[in-house]
Amino acid sequence: MTPNFSFEITHQDKKTNARVGIIKTRSGNIETPYLVPIATRAEIISLSKEDISAISPQAILANTYHLHFLSPGDKEIKKLGGLHKFMNFSKPIFTDSGGFQALSLGFGRTTRLRKIGFFPGKNEIKTDNKEKTFVTLKDDGILFKSVYDETEKFMGPKESMQIQSNLGSEIIMAFDQCNPPGQTEEETKKSMEISHKWELESLKHKNPEQALYGIIHGGAYPNLRVESCKFISSLSFEGIAIGGSLGKTKKEMYFLLDGIISNLKEADKKPRHMLGIGWVDDLFECVERGMDTFDCVHTTRLARHGGLYISPKEEGNQKNKYHIKIRKIKHASENKPIDSWCDCSTCKSYSRKDLHNLCRIKNPQYAKLATIHNISFMEKLMKEIRDSIKENRFQELKSYWLQK
RNA sequence: GCGGUUGUGGUGUAACGGUAGCAUACCAGCUUGUGGCGCUGUUGGCGUGGGUUCAACUCCCACCUCCCGCU
């Protein structure tokens with residue numbers, strides 16, 4: 001067992017699989033369910049350290065690939081005292097293993113395929129794409145080209161574990177092969193087996209001070225997901241993550257998740273992390289099914305592209321995906337905060353018209369204020385979710401947020 | 001006033017005696033283990049008038065306009 005790491009379920013919802021828990025690490029605790037903000041390159045894009053400490057997230061998630069290839073590199077970060085000192089963040093840090101970059105910088109880059117479904121307007125995979133790929137898949141790992149310079153380096157499970165050890169994060173991910181959507185069952189099975197092999201290697205080479213999460217694969221095939229569940233939960237991982245392609249629709253994703261959870265339930269009481277998922281409705285659906293932590297770039301990316309989260313109090317719903325598009329001309333004359341439920345610093349001092357103008361003139365302040373809002377909004381949402389589970393009213397909260 | 005010069009979507013530009021292209025902005029969608037790069041689609045134009053020609057944004061004339069020089 002990894003020292004200084006534990007997970008305790010403090011309250012189990014009576015009607016659903018939703019649960020409240022505490023992940024304890026050497027750098028502090030994380031109350032779950034929780035959506036971990038993303039700081040891929042040891043910073044949350046467009047926020048200063050002061051902004052981050054004002055929001056005070058319980059944890060952040062950084063990325064192995066980017067911190068390895070980006071100057072100064074993980075070795076230098078280790079010399080400087082690790083990622084916590086490097087980015088002046090004292091609370092728990094998750095690091096992703098770099099396996100996902102095989103998809104985001106490789107196949108996903110040239111085809112525009114994503115984790116769920118197909119990219120809008122494209123029903124077929126583009127094959128005439130001249131975008132260059134940065135990825136060569138090998139049996140024992142991935143040959144990556146750097147997106148920052150001309151260097152090319154091999155990364156396998158051992159390398160990923162070494163880098164994550166250098167970074168000194170509390171929670172690390174196994175090195176896996178992230179399969180794209182649209183693969184046949186045979187291809188997915190092959191890819192899953194490679195992931196399993198790499199994950200076993202990850203377990204062998206990991207720093208014993210760090211908590212390693214195993215990642216369940218199997219793409220959109222329920223039988224493969226079950227097989228992966230059995231394999232991953234039989235090993236001594238500290239936590240369970242769900243990765244890879246999750247089908248063509250949200251419905252399919254939830255169905256797959258139901259199958260996964262029912263095959264984990266008896267096996268362990270480990271914390272469960274949903275990789276890369278985190279829209280408002282997904283959080284409710286996945287928490288209900290028993291997920292504990294999430295990470296998702298959407299919160300911050302949406303903010304930068306003009307999407308600001310709103311609650312049901314401001315007519316946030318599944319149709320508008322709980323956000324307004326601040327660039328729209330109708331917001332130019334709205335002298336009120338983004339959201340009346342939100343209590344973030346942006347909502348306290350800026351009206352919709354202010355943000356509309358800052359966004360239109362591309363003022364860098366816009367990205368900062370928008371990011372603060374979206375992260376704070378999600379922080380508050382997750383707290384409400386935790387409170388509702390503790391008070392046995394999770395389903396009421398869910399139906400309030402997901403009402404049509 | 002005279003001479004020269006300029007005029008193409010909101011903005012910046014390209015080409016051509018035969019369907020006016022590109023960029024950007026606007027508008028409408030999209031964004032789920034972040035390359036900080038976004039992606040898809042729609043709308044919208046030849047300064048005005050006349051002439052030559054089967055056909056003129058293109059050539060010619062006048063006017064208007066822009067800028068430069070001269071008085």
# chains A, B, ... in the order shown; residues from 1 in each chain; ligands from 1
$ residues_around --residues "region 43-57 of chain B" --least-positions-apart "3" --cutoff "12 Å" --atoms "only C-alpha atoms (C1' of nucleotides)" --output "ChimeraX atom specification"
/B:6-10,15-18,20-21,25-28,60-66
$ write_last_selection --atoms "N, CA and C atoms (P, O5', C5', C4', C3', O3' and C1' of nucleotides)" --output "short mmCIF file (atom, residue, chain, number, x, y, z; two decimals), in the first residue's frame"
data_model
loop_
_atom_site.label_atom_id
_atom_site.label_comp_id
_atom_site.auth_asym_id
_atom_site.auth_seq_id
_atom_site.Cartn_x
_atom_site.Cartn_y
_atom_site.Cartn_z
P U B 6 -3.61 54.50 -60.70
"O5'" U B 6 -4.59 54.46 -59.46
"C5'" U B 6 -4.14 53.95 -58.20
"C4'" U B 6 -5.20 54.18 -57.14
"C3'" U B 6 -6.56 53.57 -57.44
"O3'" U B 6 -6.60 52.19 -57.12
"C1'" U B 6 -6.84 55.78 -56.67
P G B 7 -7.60 51.23 -57.95
"O5'" G B 7 -8.97 51.50 -57.18
"C5'" G B 7 -9.04 51.34 -55.77
"C4'" G B 7 -10.33 51.96 -55.25
"C3'" G B 7 -11.59 51.21 -55.67
"O3'" G B 7 -12.54 51.25 -54.60
"C1'" G B 7 -11.69 53.45 -56.41
P U B 8 -12.42 50.08 -53.54
"O5'" U B 8 -12.96 48.86 -54.40
"C5'" U B 8 -14.31 48.89 -54.88
"C4'" U B 8 -14.75 47.47 -55.15
"C3'" U B 8 -14.67 46.54 -53.95
"O3'" U B 8 -15.83 46.67 -53.15
"C1'" U B 8 -13.66 45.49 -55.79
P G B 9 -15.68 47.20 -51.70
"O5'" G B 9 -16.87 46.37 -51.06
"C5'" G B 9 -16.73 45.75 -49.79
"C4'" G B 9 -17.92 44.85 -49.64
"C3'" G B 9 -18.28 44.61 -48.19
"O3'" G B 9 -19.67 44.88 -48.00
"C1'" G B 9 -18.08 42.56 -49.39
P G B 10 -20.05 46.38 -47.69
"O5'" G B 10 -19.58 46.52 -46.17
"C5'" G B 10 -19.83 47.74 -45.48
"C4'" G B 10 -18.96 47.79 -44.25
"C3'" G B 10 -17.46 47.80 -44.52
"O3'" G B 10 -17.00 49.11 -44.77
"C1'" G B 10 -17.95 46.17 -42.89
P A B 15 -3.43 40.84 -59.16
"O5'" A B 15 -4.38 39.91 -60.04
"C5'" A B 15 -4.07 38.54 -60.26
"C4'" A B 15 -5.24 37.85 -60.92
"C3'" A B 15 -5.70 38.51 -62.21
"O3'" A B 15 -4.93 38.08 -63.31
"C1'" A B 15 -7.57 38.07 -60.82
P C B 16 -4.67 39.12 -64.54
"O5'" C B 16 -5.96 38.90 -65.45
"C5'" C B 16 -6.28 37.59 -65.90
"C4'" C B 16 -7.73 37.57 -66.33
"C3'" C B 16 -8.13 38.70 -67.26
"O3'" C B 16 -7.80 38.44 -68.61
"C1'" C B 16 -9.72 38.51 -65.53
P G B 17 -7.80 39.75 -69.66
"O5'" G B 17 -9.27 40.33 -69.53
"C5'" G B 17 -9.92 41.01 -70.62
"C4'" G B 17 -11.39 40.71 -70.60
"C3'" G B 17 -11.75 39.39 -71.26
"O3'" G B 17 -12.91 38.83 -70.62
"C1'" G B 17 -12.94 41.10 -72.28
P G B 18 -12.65 37.77 -69.56
"O5'" G B 18 -14.06 37.06 -69.48
"C5'" G B 18 -15.10 37.68 -68.69
"C4'" G B 18 -16.35 36.82 -68.71
"C3'" G B 18 -16.12 35.38 -68.30
"O3'" G B 18 -17.27 34.90 -67.61
"C1'" G B 18 -16.83 35.47 -70.57
P A B 20 -19.50 35.93 -60.89
"O5'" A B 20 -17.90 36.04 -60.90
"C5'" A B 20 -17.04 35.15 -60.25
"C4'" A B 20 -15.83 35.88 -59.73
"C3'" A B 20 -15.79 36.02 -58.21
"O3'" A B 20 -15.19 34.89 -57.62
"C1'" A B 20 -15.37 38.12 -59.20
P G B 21 -16.00 34.02 -56.64
"O5'" G B 21 -14.85 33.39 -55.73
"C5'" G B 21 -13.97 32.42 -56.26
"C4'" G B 21 -12.56 32.73 -55.84
"C3'" G B 21 -12.33 32.92 -54.35
"O3'" G B 21 -12.32 31.70 -53.62
"C1'" G B 21 -11.16 34.57 -55.53
P A B 25 -11.58 37.03 -37.41
"O5'" A B 25 -12.71 38.15 -37.54
"C5'" A B 25 -12.55 39.40 -36.87
"C4'" A B 25 -13.66 40.33 -37.29
"C3'" A B 25 -15.07 39.82 -37.02
"O3'" A B 25 -15.46 40.07 -35.68
"C1'" A B 25 -14.94 40.66 -39.23
P C B 26 -16.50 39.06 -34.99
"O5'" C B 26 -17.85 39.32 -35.80
"C5'" C B 26 -18.50 40.59 -35.74
"C4'" C B 26 -19.70 40.58 -36.65
"C3'" C B 26 -20.67 39.43 -36.41
"O3'" C B 26 -21.55 39.73 -35.33
"C1'" C B 26 -20.26 39.64 -38.72
P C B 27 -21.95 38.59 -34.32
"O5'" C B 27 -22.92 37.67 -35.19
"C5'" C B 27 -24.17 38.17 -35.65
"C4'" C B 27 -24.82 37.14 -36.55
"C3'" C B 27 -24.87 35.73 -35.97
"O3'" C B 27 -25.94 35.57 -35.06
"C1'" C B 27 -24.08 35.62 -38.19
P A B 28 -25.76 34.59 -33.81
"O5'" A B 28 -25.92 33.15 -34.48
"C5'" A B 28 -27.09 32.82 -35.20
"C4'" A B 28 -26.94 31.44 -35.78
"C3'" A B 28 -26.33 30.42 -34.84
"O3'" A B 28 -27.28 29.95 -33.91
"C1'" A B 28 -25.32 30.24 -36.97
P C B 60 -8.78 52.71 -71.11
"O5'" C B 60 -9.85 53.42 -72.02
"C5'" C B 60 -9.53 53.80 -73.37
"C4'" C B 60 -10.69 54.55 -73.96
"C3'" C B 60 -11.19 55.73 -73.14
"O3'" C B 60 -10.43 56.89 -73.35
"C1'" C B 60 -13.03 54.41 -73.82
P C B 61 -10.28 57.95 -72.15
"O5'" C B 61 -11.73 58.64 -72.15
"C5'" C B 61 -12.14 59.44 -73.25
"C4'" C B 61 -13.53 59.96 -73.00
"C3'" C B 61 -13.74 60.65 -71.65
"O3'" C B 61 -13.27 61.99 -71.64
"C1'" C B 61 -15.53 59.18 -72.08
P A B 62 -12.82 62.67 -70.28
"O5'" A B 62 -14.23 62.94 -69.58
"C5'" A B 62 -15.12 63.93 -70.11
"C4'" A B 62 -16.42 63.90 -69.34
"C3'" A B 62 -16.31 64.10 -67.84
"O3'" A B 62 -16.21 65.46 -67.49
"C1'" A B 62 -17.72 62.26 -68.28
P C B 63 -15.36 65.87 -66.23
"O5'" C B 63 -16.34 65.43 -65.06
"C5'" C B 63 -17.61 66.08 -64.88
"C4'" C B 63 -18.46 65.32 -63.89
"C3'" C B 63 -17.84 65.11 -62.51
"O3'" C B 63 -18.01 66.25 -61.69
"C1'" C B 63 -18.74 63.06 -63.28
P C B 64 -16.86 66.57 -60.63
"O5'" C B 64 -17.13 65.44 -59.53
"C5'" C B 64 -18.36 65.42 -58.81
"C4'" C B 64 -18.46 64.15 -57.99
"C3'" C B 64 -17.29 63.89 -57.05
"O3'" C B 64 -17.41 64.61 -55.84
"C1'" C B 64 -17.77 61.92 -58.25
P U B 65 -16.09 65.05 -55.08
"O5'" U B 65 -15.46 63.67 -54.62
"C5'" U B 65 -16.13 62.84 -53.66
"C4'" U B 65 -15.36 61.57 -53.43
"C3'" U B 65 -13.91 61.77 -53.02
"O3'" U B 65 -13.78 62.02 -51.63
"C1'" U B 65 -14.03 60.14 -54.73
P C B 66 -12.59 62.92 -51.14
"O5'" C B 66 -11.37 61.89 -51.19
"C5'" C B 66 -11.39 60.72 -50.36
"C4'" C B 66 -10.16 59.88 -50.63
"C3'" C B 66 -8.85 60.64 -50.62
"O3'" C B 66 -8.36 60.82 -49.30
"C1'" C B 66 -8.92 59.25 -52.52
#
$ interface_residues --of "chain A" --to "chain B" --cutoff "6 Å" --atoms "only C-alpha atoms (C1' of nucleotides)" --output "PyMOL selection string"
chain A and resi 120+275-278+296-298
$ write_last_selection --atoms "N, CA and C atoms" --output "mmCIF file, in the first residue's frame"
data_model
loop_
_atom_site.group_PDB
_atom_site.id
_atom_site.type_symbol
_atom_site.label_atom_id
_atom_site.label_comp_id
_atom_site.auth_asym_id
_atom_site.auth_seq_id
_atom_site.Cartn_x
_atom_site.Cartn_y
_atom_site.Cartn_z
ATOM 1 N N PRO A 120 -18.356 17.114 -35.263
ATOM 2 C CA PRO A 120 -19.529 17.634 -35.967
ATOM 3 C C PRO A 120 -19.344 17.771 -37.467
ATOM 4 N N LEU A 275 -11.738 9.795 -16.735
ATOM 5 C CA LEU A 275 -10.769 10.599 -17.481
ATOM 6 C C LEU A 275 -11.426 11.417 -18.589
ATOM 7 N N GLY A 276 -11.235 12.720 -18.507
ATOM 8 C CA GLY A 276 -11.620 13.583 -19.623
ATOM 9 C C GLY A 276 -13.087 13.873 -19.779
ATOM 10 N N ILE A 277 -13.876 13.577 -18.781
ATOM 11 C CA ILE A 277 -15.311 13.840 -18.883
ATOM 12 C C ILE A 277 -15.692 14.887 -17.841
ATOM 13 N N GLY A 278 -16.579 15.805 -18.209
ATOM 14 C CA GLY A 278 -16.908 16.823 -17.215
ATOM 15 C C GLY A 278 -17.854 17.917 -17.673
ATOM 16 N N CYS A 296 -11.431 17.534 -16.884
ATOM 17 C CA CYS A 296 -11.993 17.876 -18.184
ATOM 18 C C CYS A 296 -11.490 19.247 -18.638
ATOM 19 N N VAL A 297 -10.996 19.312 -19.849
ATOM 20 C CA VAL A 297 -10.485 20.582 -20.362
ATOM 21 C C VAL A 297 -11.608 21.541 -20.761
ATOM 22 N N HIS A 298 -12.796 20.994 -20.870
ATOM 23 C CA HIS A 298 -13.895 21.781 -21.414
ATOM 24 C C HIS A 298 -14.163 23.046 -20.606
#
$ select_by_dssp --residues "region 173-240 of chain A" --states "alpha helix (DSSP H)" --output "PyMOL selection string"
chain A and resi 185-205+222-233
$ residues_around --residues "region 65-71 of chain A" --least-positions-apart "2" --cutoff "7 Å" --atoms "only C-alpha atoms (C1' of nucleotides)" --output "ChimeraX atom specification"
/A:40-41,63,73-74,98,146,148,163
$ write_last_selection --atoms "C-alpha atoms" --output "mmCIF file, in the first residue's frame"
data_model
loop_
_atom_site.group_PDB
_atom_site.id
_atom_site.type_symbol
_atom_site.label_atom_id
_atom_site.label_comp_id
_atom_site.auth_asym_id
_atom_site.auth_seq_id
_atom_site.Cartn_x
_atom_site.Cartn_y
_atom_site.Cartn_z
ATOM 1 C CA THR A 40 -1.521 20.547 -18.266
ATOM 2 C CA ARG A 41 1.695 22.528 -18.273
ATOM 3 C CA ASN A 63 0.407 16.228 -17.873
ATOM 4 C CA GLY A 73 11.510 19.403 -18.324
ATOM 5 C CA ASP A 74 10.674 16.994 -15.544
ATOM 6 C CA GLY A 98 0.938 10.820 -21.508
ATOM 7 C CA SER A 146 7.921 17.041 -29.376
ATOM 8 C CA TYR A 148 7.797 22.271 -28.948
ATOM 9 C CA ILE A 163 8.702 11.277 -15.341
#
$ residues_around --residues "G3 (chain B)" --least-positions-apart "6" --cutoff "12 Å" --atoms "only C-alpha atoms (C1' of nucleotides)" --output "PDB file with C-alpha atoms (C1' of nucleotides), in the first residue's frame"
ATOM      1  C1'   C B  68       0.256  63.586 -54.315  1.00  0.00           C
ATOM      2  C1'   G B  69       2.286  67.769 -56.782  1.00  0.00           C
ATOM      3  C1'   C B  70       1.698  72.654 -58.951  1.00  0.00           C
ATOM      4  C1'   U B  71      -0.821  77.517 -58.984  1.00  0.00           C
TER       5        U B  71
END
$ decode --residues "region 45-56 of chain B" --atoms "N, CA and C atoms (P, O5', C5', C4', C3', O3' and C1' of nucleotides)" --output "tab-separated table (two decimals), in the first residue's frame"
chain	number	residue	atom	x	y	z
B	45	G	P	-24.03	42.05	-52.08
B	45	G	O5'	-22.59	42.62	-52.35
B	45	G	C5'	-22.25	43.94	-51.90
B	45	G	C4'	-20.95	44.34	-52.48
B	45	G	C3'	-20.89	44.41	-54.00
B	45	G	O3'	-21.44	45.63	-54.48
B	45	G	C1'	-18.95	43.36	-53.16
B	46	C	P	-21.80	45.80	-56.04
B	46	C	O5'	-20.40	45.72	-56.80
B	46	C	C5'	-19.93	46.82	-57.58
B	46	C	C4'	-18.44	46.94	-57.46
B	46	C	C3'	-17.82	47.88	-58.48
B	46	C	O3'	-16.73	48.57	-57.87
B	46	C	C1'	-16.93	45.69	-58.76
B	47	G	P	-16.35	50.06	-58.54
B	47	G	O5'	-17.40	51.12	-57.97
B	47	G	C5'	-17.76	51.15	-56.59
B	47	G	C4'	-18.49	52.44	-56.35
B	47	G	C3'	-19.44	52.85	-57.47
B	47	G	O3'	-20.71	52.28	-57.29
B	47	G	C1'	-18.01	54.66	-56.92
B	48	U	P	-21.56	51.89	-58.60
B	48	U	O5'	-22.03	53.29	-59.16
B	48	U	C5'	-22.90	54.12	-58.40
B	48	U	C4'	-23.20	55.38	-59.17
B	48	U	C3'	-23.61	55.16	-60.63
B	48	U	O3'	-24.98	54.83	-60.76
B	48	U	C1'	-21.98	56.86	-60.54
B	49	G	P	-25.41	53.93	-62.00
B	49	G	O5'	-25.25	54.90	-63.25
B	49	G	C5'	-26.12	56.01	-63.40
B	49	G	C4'	-25.66	56.89	-64.52
B	49	G	C3'	-25.52	56.22	-65.89
B	49	G	O3'	-26.76	56.04	-66.54
B	49	G	C1'	-23.64	57.58	-65.49
B	50	G	P	-26.85	54.89	-67.66
B	50	G	O5'	-25.85	55.35	-68.81
B	50	G	C5'	-26.31	56.19	-69.86
B	50	G	C4'	-25.16	56.70	-70.68
B	50	G	C3'	-24.59	55.75	-71.72
B	50	G	O3'	-25.40	55.62	-72.88
B	50	G	C1'	-22.82	56.83	-70.60
B	51	G	P	-25.39	54.24	-73.67
B	51	G	O5'	-23.95	54.23	-74.35
B	51	G	C5'	-23.64	55.18	-75.36
B	51	G	C4'	-22.19	55.09	-75.75
B	51	G	C3'	-21.76	53.76	-76.40
B	51	G	O3'	-22.10	53.71	-77.76
B	51	G	C1'	-20.17	54.43	-74.79
B	52	U	P	-22.39	52.29	-78.43
B	52	U	O5'	-20.94	51.63	-78.53
B	52	U	C5'	-19.96	52.17	-79.41
B	52	U	C4'	-18.70	51.35	-79.32
B	52	U	C3'	-18.89	49.84	-79.49
B	52	U	O3'	-18.98	49.47	-80.86
B	52	U	C1'	-17.50	50.26	-77.63
B	53	U	P	-20.13	48.47	-81.31
B	53	U	O5'	-19.69	47.12	-80.61
B	53	U	C5'	-18.45	46.49	-80.95
B	53	U	C4'	-18.20	45.32	-80.02
B	53	U	C3'	-19.37	44.32	-79.93
B	53	U	O3'	-19.36	43.41	-81.00
B	53	U	C1'	-18.55	44.84	-77.76
B	54	C	P	-20.77	43.08	-81.67
B	54	C	O5'	-21.47	42.15	-80.59
B	54	C	C5'	-22.86	41.82	-80.74
B	54	C	C4'	-23.26	40.83	-79.67
B	54	C	C3'	-22.82	41.18	-78.27
B	54	C	O3'	-23.71	42.08	-77.65
B	54	C	C1'	-22.28	38.93	-78.71
B	55	A	P	-23.12	43.30	-76.81
B	55	A	O5'	-22.42	42.53	-75.61
B	55	A	C5'	-23.24	41.84	-74.66
B	55	A	C4'	-22.37	41.08	-73.69
B	55	A	C3'	-21.35	41.92	-72.94
B	55	A	O3'	-21.94	42.57	-71.84
B	55	A	C1'	-20.32	39.96	-73.76
B	56	A	P	-21.42	44.04	-71.43
B	56	A	O5'	-19.92	43.78	-70.94
B	56	A	C5'	-19.65	42.90	-69.84
B	56	A	C4'	-18.69	43.57	-68.88
B	56	A	C3'	-19.23	44.88	-68.27
B	56	A	O3'	-18.65	45.04	-66.98
B	56	A	C1'	-17.33	45.36	-69.57
